[in-house]
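Asker: This is the structure I have questions about; it appears just below.
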Amino acid sequence: MDRAPGLSARLKLTLSYAGFLMLAGTLLLGAVWVFLLRYVPDRATLIDATDNGTHGVFPIRSGLLHVFAPRAAAVLAFLLVFGLVGGWILAGRMLSPLTRITDAARTAASGSLSHRIQLEGREDEFRELADAFDAMLARLEAHVAEQQRFAANASHELRTPLAITQTLLDVARNDPAQDRGELVDRLHAVNSRAIDLTEALLVLSRADQRSFPREPVDLSLLAEEATETLLPLAEKRGVAIETSGPATRALGSHPLLLQLTTNLVHNAIVHNLPERGTVWVKAGVRPGTAVLTVENSGENLSPQLVSTLTEPFQRRTERIRNDHAGVGLGLAIVKSIAQAHDGTLTLTPRAAGGLRVTVELPAAQPQTGR
């Protein structure tokens, strides 16, 4: 934005310091004149030497003014110079932290987010501003790095089905005798995976933008709905699902919270024991908070591995090549939806094996009648 040139803050402070100093000096000299020289007589008075042993003529007001005025002007001139020089130095020292903050802002605007101000000294307004700016830069750097990593991973994941499709088409072109039905089935599977990944990316983007209305949503009903939807998958994999908990009303988007619950239950079913696995889905209420907990049996997980599961395209194990392997965005979407609802997501490995996922969301205010 183009702005008209103006006085710098340092010059303004310097002029302010000098102006206040001149004003104080003028008031002081005025006070001397009003409260001291006013008692000096305008006419010369002879002093009787016989009264107090002194002799001579008592000074008059005009004589004192003639002597006082040049020296008062000299004092004011000195105060002006002293105020300008001293004010310039003081203003520079006072504004030096602001200069460092400005330089850091320009460095960040040029694309370098790794620079930090790290302003030393005791706590004051400038240090508080510098610390807040450093924290903002750290968040921006982490966000940009996450976005770049996400874009790279998304590009890689989307490129994989496209490359497979291209390979299948090339093989079909070079081998006209190949079974067309098998080719269509494989192309259908690859295309379905690409569609699932695209839809997951759209859900993740929508959650990040927070562009959704909020309304009271019962998490216990969402858990039952997600369980009924995924029950055929659970029966196919030999996994039992147990749901419990009272009515738990959270404030948020019904479609997004249903997506969150479905992703958690789906993830618990897929990453479970090969046989006789169990998934526990529980809704509960804490003061001001609606809680949804999904646990599953499974292999023992290290805390280091669990801490990475919410990153996009991170999987608990190597990719399982079946129709329900997922695209590596399930828990990332859950985390994004929880944060968009001002909630929290906690992942904890179970001592008996498997994972416990806890989502805490702001509770909806209970409806009260008249």
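Ordered as shown in the structure tokens, chains take letters A, B, and onward, while each chain numbers its residues from 1 and ligands are numbered from 1 in the order shown.
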Neighbours of region 243-259 of chain A within 7 Å (only C-alpha atoms; same-chain residues fewer than 2 positions away dropped), as a PDB file with C-alpha atoms, in the first residue's frame?
Answerer:
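Final output, saved to part-v5.pdb:
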```
ATOM      1  CA  PHE A 212     -20.210 -24.998   8.214  1.00  0.00           C
ATOM      2  CA  PRO A 213     -23.238 -24.208  10.405  1.00  0.00           C
ATOM      3  CA  ARG A 214     -23.306 -25.412  14.009  1.00  0.00           C
ATOM      4  CA  GLU A 215     -26.199 -27.162  15.675  1.00  0.00           C
ATOM      5  CA  PRO A 216     -26.727 -29.593  18.573  1.00  0.00           C
ATOM      6  CA  VAL A 217     -25.666 -33.117  17.522  1.00  0.00           C
ATOM      7  CA  ASP A 218     -26.077 -36.294  19.605  1.00  0.00           C
ATOM      8  CA  LEU A 219     -22.782 -38.211  19.480  1.00  0.00           C
ATOM      9  CA  SER A 220     -24.399 -41.394  20.772  1.00  0.00           C
ATOM     10  CA  LEU A 222     -23.835 -40.789  15.433  1.00  0.00           C
ATOM     11  CA  ILE A 241     -18.621 -53.684  17.881  1.00  0.00           C
ATOM     12  CA  THR A 261     -17.280 -40.946  13.943  1.00  0.00           C
ATOM     13  CA  THR A 262     -17.341 -43.111  10.826  1.00  0.00           C
ATOM     14  CA  ASN A 263     -13.616 -42.630  10.276  1.00  0.00           C
ATOM     15  CA  TRP A 280     -15.670 -50.279  21.810  1.00  0.00           C
ATOM     16  CA  VAL A 281     -17.519 -47.036  21.032  1.00  0.00           C
ATOM     17  CA  LYS A 282     -18.568 -44.948  24.017  1.00  0.00           C
ATOM     18  CA  ALA A 283     -20.156 -41.520  24.315  1.00  0.00           C
ATOM     19  CA  GLY A 284     -20.093 -39.540  27.524  1.00  0.00           C
ATOM     20  CA  VAL A 285     -20.537 -36.117  29.049  1.00  0.00           C
ATOM     21  CA  ALA A 290     -19.011 -33.971  25.008  1.00  0.00           C
ATOM     22  CA  ILE A 337     -12.743 -31.855  12.165  1.00  0.00           C
ATOM     23  CA  HIS A 341     -15.111 -27.633  16.255  1.00  0.00           C
ATOM     24  CA  LEU A 361     -15.975 -31.349  21.810  1.00  0.00           C
ATOM     25  CA  PRO A 362     -17.824 -28.361  23.270  1.00  0.00           C
ATOM     26  CA  ALA A 363     -21.140 -29.556  24.652  1.00  0.00           C
ATOM     27  CA  ALA A 364     -24.375 -28.038  23.403  1.00  0.00           C
TER      28      ALA A 364
END
```
Asker: Determine, counting only C-alpha atoms, which protein, DNA and RNA residues have an atom within 8 Å of an atom of region 23-29 of chain A; residues of the same chain fewer than 6 positions away are not included. Present the result as a list in words.
Answerer: Ala72, Leu76 and Leu79 of chain A
Asker: Write out, as a JSON list (two decimals), in the first residue's frame, the residues just selected, with N, CA, C and O atoms.
Answerer:
```json
[["chain", "number", "residue", "atom", "x", "y", "z"],
["A", 72, "ALA", "N", 18.04, 34.06, 30.46],
["A", 72, "ALA", "CA", 16.88, 33.17, 30.29],
["A", 72, "ALA", "C", 16.80, 32.66, 28.85],
["A", 72, "ALA", "O", 16.51, 31.49, 28.60],
["A", 76, "LEU", "N", 17.01, 28.78, 27.57],
["A", 76, "LEU", "CA", 16.02, 28.16, 26.69],
["A", 76, "LEU", "C", 16.68, 27.58, 25.44],
["A", 76, "LEU", "O", 16.30, 26.51, 24.97],
["A", 79, "LEU", "N", 18.29, 24.41, 26.50],
["A", 79, "LEU", "CA", 17.28, 23.37, 26.69],
["A", 79, "LEU", "C", 16.78, 22.83, 25.35],
["A", 79, "LEU", "O", 16.51, 21.63, 25.21]]
```
Asker: So that I can check the secondary structure, give me every residue of region 160-317 of chain A assigned strand (DSSP E) by backbone DSSP, as a VMD selection string.
Answerer: chain A and resid 215 to 218 239 to 244 249 to 252 277 to 286 289 to 296
Asker: Hey, which of A:Leu168, A:Leu84, A:Leu64, A:Val279 ends up closest to Ala223 (chain A)? Count only C-alpha atoms.
Answerer: A:Val279
Asker: When you draw a straight line from CA of Ser192 (chain A) to CA of Ala332 (chain A), how long is it in Å?
Answerer: 20.2 Å
Asker: Can you work out which one of A:Ser62, A:Thr348, A:Ser155, A:Ser336 has the shortest atom-to-atom distance to Asn300 (chain A), counting only C-alpha atoms?
Answerer: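 That would be A:Thr348, the residue with the smallest distance to Asn300 (chain A).
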Asker: Could you state the separation of CA of Thr14 (chain A) and CA of Arg106 (chain A) in Å, given to one decimal place?
Answerer: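 Rounded to one decimal, the two atoms are 25.4 Å apart.
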Asker: For the atom pair CA of His188 (chain A) and CA of Thr165 (chain A), what is the interatomic distance in Å to one decimal place?
Answerer: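 About the pair CA of His188 (chain A) and CA of Thr165 (chain A): they are 9.5 Å apart.
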Asker: If you run DSSP on the backbone here, which positions in region 228-335 of chain A get helix (DSSP H, G or I)? Please write them as an mmCIF file with N, CA, C and O atoms, in the first residue's frame.
Answerer:
```cif
data_model
loop_
_atom_site.group_PDB
_atom_site.id
_atom_site.type_symbol
_atom_site.label_atom_id
_atom_site.label_comp_id
_atom_site.auth_asym_id
_atom_site.auth_seq_id
_atom_site.Cartn_x
_atom_site.Cartn_y
_atom_site.Cartn_z
ATOM 1 N N GLU A 228 -23.945 -49.086 12.438
ATOM 2 C CA GLU A 228 -24.830 -49.788 11.506
ATOM 3 C C GLU A 228 -24.292 -49.749 10.083
ATOM 4 O O GLU A 228 -24.400 -50.726 9.338
ATOM 5 N N THR A 229 -23.697 -48.625 9.696
ATOM 6 C CA THR A 229 -23.159 -48.519 8.339
ATOM 7 C C THR A 229 -21.991 -49.469 8.118
ATOM 8 O O THR A 229 -21.861 -50.074 7.046
ATOM 9 N N LEU A 230 -21.135 -49.590 9.129
ATOM 10 C CA LEU A 230 -19.915 -50.386 8.986
ATOM 11 C C LEU A 230 -20.067 -51.806 9.521
ATOM 12 O O LEU A 230 -19.084 -52.554 9.566
ATOM 13 N N LEU A 231 -21.274 -52.186 9.917
ATOM 14 C CA LEU A 231 -21.477 -53.520 10.466
ATOM 15 C C LEU A 231 -21.143 -54.629 9.461
ATOM 16 O O LEU A 231 -20.510 -55.634 9.836
ATOM 17 N N PRO A 232 -21.507 -54.494 8.176
ATOM 18 C CA PRO A 232 -21.103 -55.555 7.223
ATOM 19 C C PRO A 232 -19.587 -55.715 7.132
ATOM 20 O O PRO A 232 -19.090 -56.837 7.042
ATOM 21 N N LEU A 233 -18.852 -54.626 7.153
ATOM 22 C CA LEU A 233 -17.396 -54.716 7.116
ATOM 23 C C LEU A 233 -16.871 -55.398 8.372
ATOM 24 O O LEU A 233 -15.949 -56.227 8.302
ATOM 25 N N ALA A 234 -17.448 -55.046 9.530
ATOM 26 C CA ALA A 234 -17.004 -55.662 10.780
ATOM 27 C C ALA A 234 -17.290 -57.163 10.781
ATOM 28 O O ALA A 234 -16.449 -57.970 11.216
ATOM 29 N N GLU A 235 -18.472 -57.583 10.299
ATOM 30 C CA GLU A 235 -18.791 -59.006 10.249
ATOM 31 C C GLU A 235 -17.878 -59.742 9.283
ATOM 32 O O GLU A 235 -17.465 -60.879 9.540
ATOM 33 N N LYS A 236 -17.542 -59.089 8.183
ATOM 34 C CA LYS A 236 -16.650 -59.719 7.207
ATOM 35 C C LYS A 236 -15.267 -59.956 7.786
ATOM 36 O O LYS A 236 -14.618 -60.969 7.497
ATOM 37 N N HIS A 254 -23.462 -31.749 11.758
ATOM 38 C CA HIS A 254 -23.859 -33.165 11.758
ATOM 39 C C HIS A 254 -23.099 -33.966 10.706
ATOM 40 O O HIS A 254 -22.565 -35.045 11.012
ATOM 41 N N PRO A 255 -22.990 -33.501 9.442
ATOM 42 C CA PRO A 255 -22.242 -34.308 8.455
ATOM 43 C C PRO A 255 -20.772 -34.494 8.822
ATOM 44 O O PRO A 255 -20.223 -35.588 8.663
ATOM 45 N N LEU A 256 -20.133 -33.432 9.313
ATOM 46 C CA LEU A 256 -18.714 -33.548 9.638
ATOM 47 C C LEU A 256 -18.495 -34.438 10.860
ATOM 48 O O LEU A 256 -17.557 -35.248 10.891
ATOM 49 N N LEU A 257 -19.336 -34.308 11.870
ATOM 50 C CA LEU A 257 -19.190 -35.154 13.050
ATOM 51 C C LEU A 257 -19.529 -36.608 12.732
ATOM 52 O O LEU A 257 -18.943 -37.528 13.315
ATOM 53 N N LEU A 258 -20.455 -36.830 11.798
ATOM 54 C CA LEU A 258 -20.715 -38.196 11.350
ATOM 55 C C LEU A 258 -19.503 -38.747 10.608
ATOM 56 O O LEU A 258 -19.147 -39.928 10.773
ATOM 57 N N GLN A 259 -18.859 -37.899 9.800
ATOM 58 C CA GLN A 259 -17.641 -38.324 9.114
ATOM 59 C C GLN A 259 -16.554 -38.653 10.130
ATOM 60 O O GLN A 259 -15.818 -39.638 9.978
ATOM 61 N N LEU A 260 -16.436 -37.842 11.172
ATOM 62 C CA LEU A 260 -15.452 -38.100 12.228
ATOM 63 C C LEU A 260 -15.707 -39.450 12.888
ATOM 64 O O LEU A 260 -14.785 -40.263 13.050
ATOM 65 N N THR A 261 -16.955 -39.689 13.262
ATOM 66 C CA THR A 261 -17.280 -40.946 13.943
ATOM 67 C C THR A 261 -17.080 -42.143 13.025
ATOM 68 O O THR A 261 -16.530 -43.180 13.433
ATOM 69 N N THR A 262 -17.499 -42.012 11.783
ATOM 70 C CA THR A 262 -17.341 -43.111 10.826
ATOM 71 C C THR A 262 -15.871 -43.430 10.597
ATOM 72 O O THR A 262 -15.477 -44.607 10.526
ATOM 73 N N ASN A 263 -15.049 -42.401 10.471
ATOM 74 C CA ASN A 263 -13.616 -42.630 10.276
ATOM 75 C C ASN A 263 -13.000 -43.359 11.465
ATOM 76 O O ASN A 263 -12.162 -44.257 11.289
ATOM 77 N N LEU A 264 -13.397 -42.975 12.672
ATOM 78 C CA LEU A 264 -12.840 -43.627 13.853
ATOM 79 C C LEU A 264 -13.246 -45.097 13.922
ATOM 80 O O LEU A 264 -12.410 -45.971 14.209
ATOM 81 N N VAL A 265 -14.520 -45.372 13.680
ATOM 82 C CA VAL A 265 -14.985 -46.758 13.742
ATOM 83 C C VAL A 265 -14.358 -47.569 12.612
ATOM 84 O O VAL A 265 -13.943 -48.722 12.812
ATOM 85 N N HIS A 266 -14.289 -46.994 11.415
ATOM 86 C CA HIS A 266 -13.676 -47.693 10.283
ATOM 87 C C HIS A 266 -12.211 -48.004 10.574
ATOM 88 O O HIS A 266 -11.723 -49.116 10.310
ATOM 89 N N ASN A 267 -11.501 -47.039 11.113
ATOM 90 C CA ASN A 267 -10.096 -47.250 11.431
ATOM 91 C C ASN A 267 -9.926 -48.340 12.492
ATOM 92 O O ASN A 267 -9.008 -49.164 12.420
ATOM 93 N N ALA A 268 -10.838 -48.358 13.464
ATOM 94 C CA ALA A 268 -10.756 -49.375 14.521
ATOM 95 C C ALA A 268 -11.064 -50.763 13.989
ATOM 96 O O ALA A 268 -10.520 -51.760 14.483
ATOM 97 N N ILE A 269 -11.926 -50.852 12.978
ATOM 98 C CA ILE A 269 -12.252 -52.169 12.404
ATOM 99 C C ILE A 269 -11.101 -52.681 11.550
ATOM 100 O O ILE A 269 -10.696 -53.848 11.653
ATOM 101 N N VAL A 270 -10.584 -51.823 10.688
ATOM 102 C CA VAL A 270 -9.548 -52.254 9.743
ATOM 103 C C VAL A 270 -8.264 -52.629 10.460
ATOM 104 O O VAL A 270 -7.636 -53.651 10.153
ATOM 105 N N PRO A 303 4.392 -45.443 21.639
ATOM 106 C CA PRO A 303 3.965 -44.039 21.684
ATOM 107 C C PRO A 303 4.519 -43.214 20.528
ATOM 108 O O PRO A 303 3.866 -42.267 20.072
ATOM 109 N N GLN A 304 5.706 -43.537 20.049
ATOM 110 C CA GLN A 304 6.285 -42.799 18.924
ATOM 111 C C GLN A 304 5.448 -42.993 17.669
ATOM 112 O O GLN A 304 5.203 -42.029 16.920
ATOM 113 N N LEU A 305 5.000 -44.220 17.426
ATOM 114 C CA LEU A 305 4.165 -44.473 16.247
ATOM 115 C C LEU A 305 2.808 -43.808 16.386
ATOM 116 O O LEU A 305 2.288 -43.208 15.431
ATOM 117 N N VAL A 306 2.230 -43.868 17.579
ATOM 118 C CA VAL A 306 0.913 -43.275 17.801
ATOM 119 C C VAL A 306 0.933 -41.771 17.564
ATOM 120 O O VAL A 306 -0.019 -41.195 17.037
ATOM 121 N N GLY A 330 -7.680 -40.891 7.279
ATOM 122 C CA GLY A 330 -8.768 -41.069 8.238
ATOM 123 C C GLY A 330 -8.579 -40.286 9.509
ATOM 124 O O GLY A 330 -9.405 -39.444 9.879
ATOM 125 N N LEU A 331 -7.483 -40.518 10.227
ATOM 126 C CA LEU A 331 -7.241 -39.804 11.481
ATOM 127 C C LEU A 331 -6.868 -38.350 11.242
ATOM 128 O O LEU A 331 -7.112 -37.500 12.106
ATOM 129 N N ALA A 332 -6.264 -38.049 10.093
ATOM 130 C CA ALA A 332 -5.975 -36.645 9.784
ATOM 131 C C ALA A 332 -7.269 -35.859 9.635
ATOM 132 O O ALA A 332 -7.376 -34.711 10.096
ATOM 133 N N ILE A 333 -8.279 -36.458 9.001
ATOM 134 C CA ILE A 333 -9.583 -35.808 8.877
ATOM 135 C C ILE A 333 -10.240 -35.672 10.246
ATOM 136 O O ILE A 333 -10.842 -34.635 10.566
ATOM 137 N N VAL A 334 -10.131 -36.711 11.075
ATOM 138 C CA VAL A 334 -10.694 -36.646 12.427
ATOM 139 C C VAL A 334 -10.067 -35.494 13.212
ATOM 140 O O VAL A 334 -10.770 -34.713 13.870
ATOM 141 N N LYS A 335 -8.763 -35.373 13.141
ATOM 142 C CA LYS A 335 -8.081 -34.285 13.846
ATOM 143 C C LYS A 335 -8.517 -32.928 13.332
ATOM 144 O O LYS A 335 -8.775 -31.995 14.110
#
```
Asker: Taking only C-alpha atoms into account, which of A:Val294, A:Leu7, A:Leu301, A:Arg71 comes nearest Thr346 (chain A)?
Answerer: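 Between A:Val294, A:Leu7, A:Leu301, A:Arg71, the residue approaching Thr346 (chain A) most closely is A:Val294.
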Asker: List the spatial neighbours of Gly87 (chain A) as a VMD selection string - criterion: any atom at most 7 Å away, only C-alpha atoms, same-chain residues fewer than 2 positions off excluded.
Answerer: chain A and resid 13 to 14 17 to 18 83 to 85 89 to 91
Asker: Can you tell me which residues surround region 98-103 of chain A at a distance of at most 8 Å, considering only C-alpha atoms, apart from same-chain residues fewer than 3 positions away, and format the answer as a PyMOL selection string?
Answerer: chain A and resi 95+106-107+117+126+130+133
Asker: Would you mind telling me which residue in A:Thr167, A:Phe82, A:Thr293, A:Leu329 lies nearest to Leu197 (chain A) when using only C-alpha atoms?
Answerer: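 Among the listed residues, the smallest separation from Leu197 (chain A) belongs to A:Leu329.
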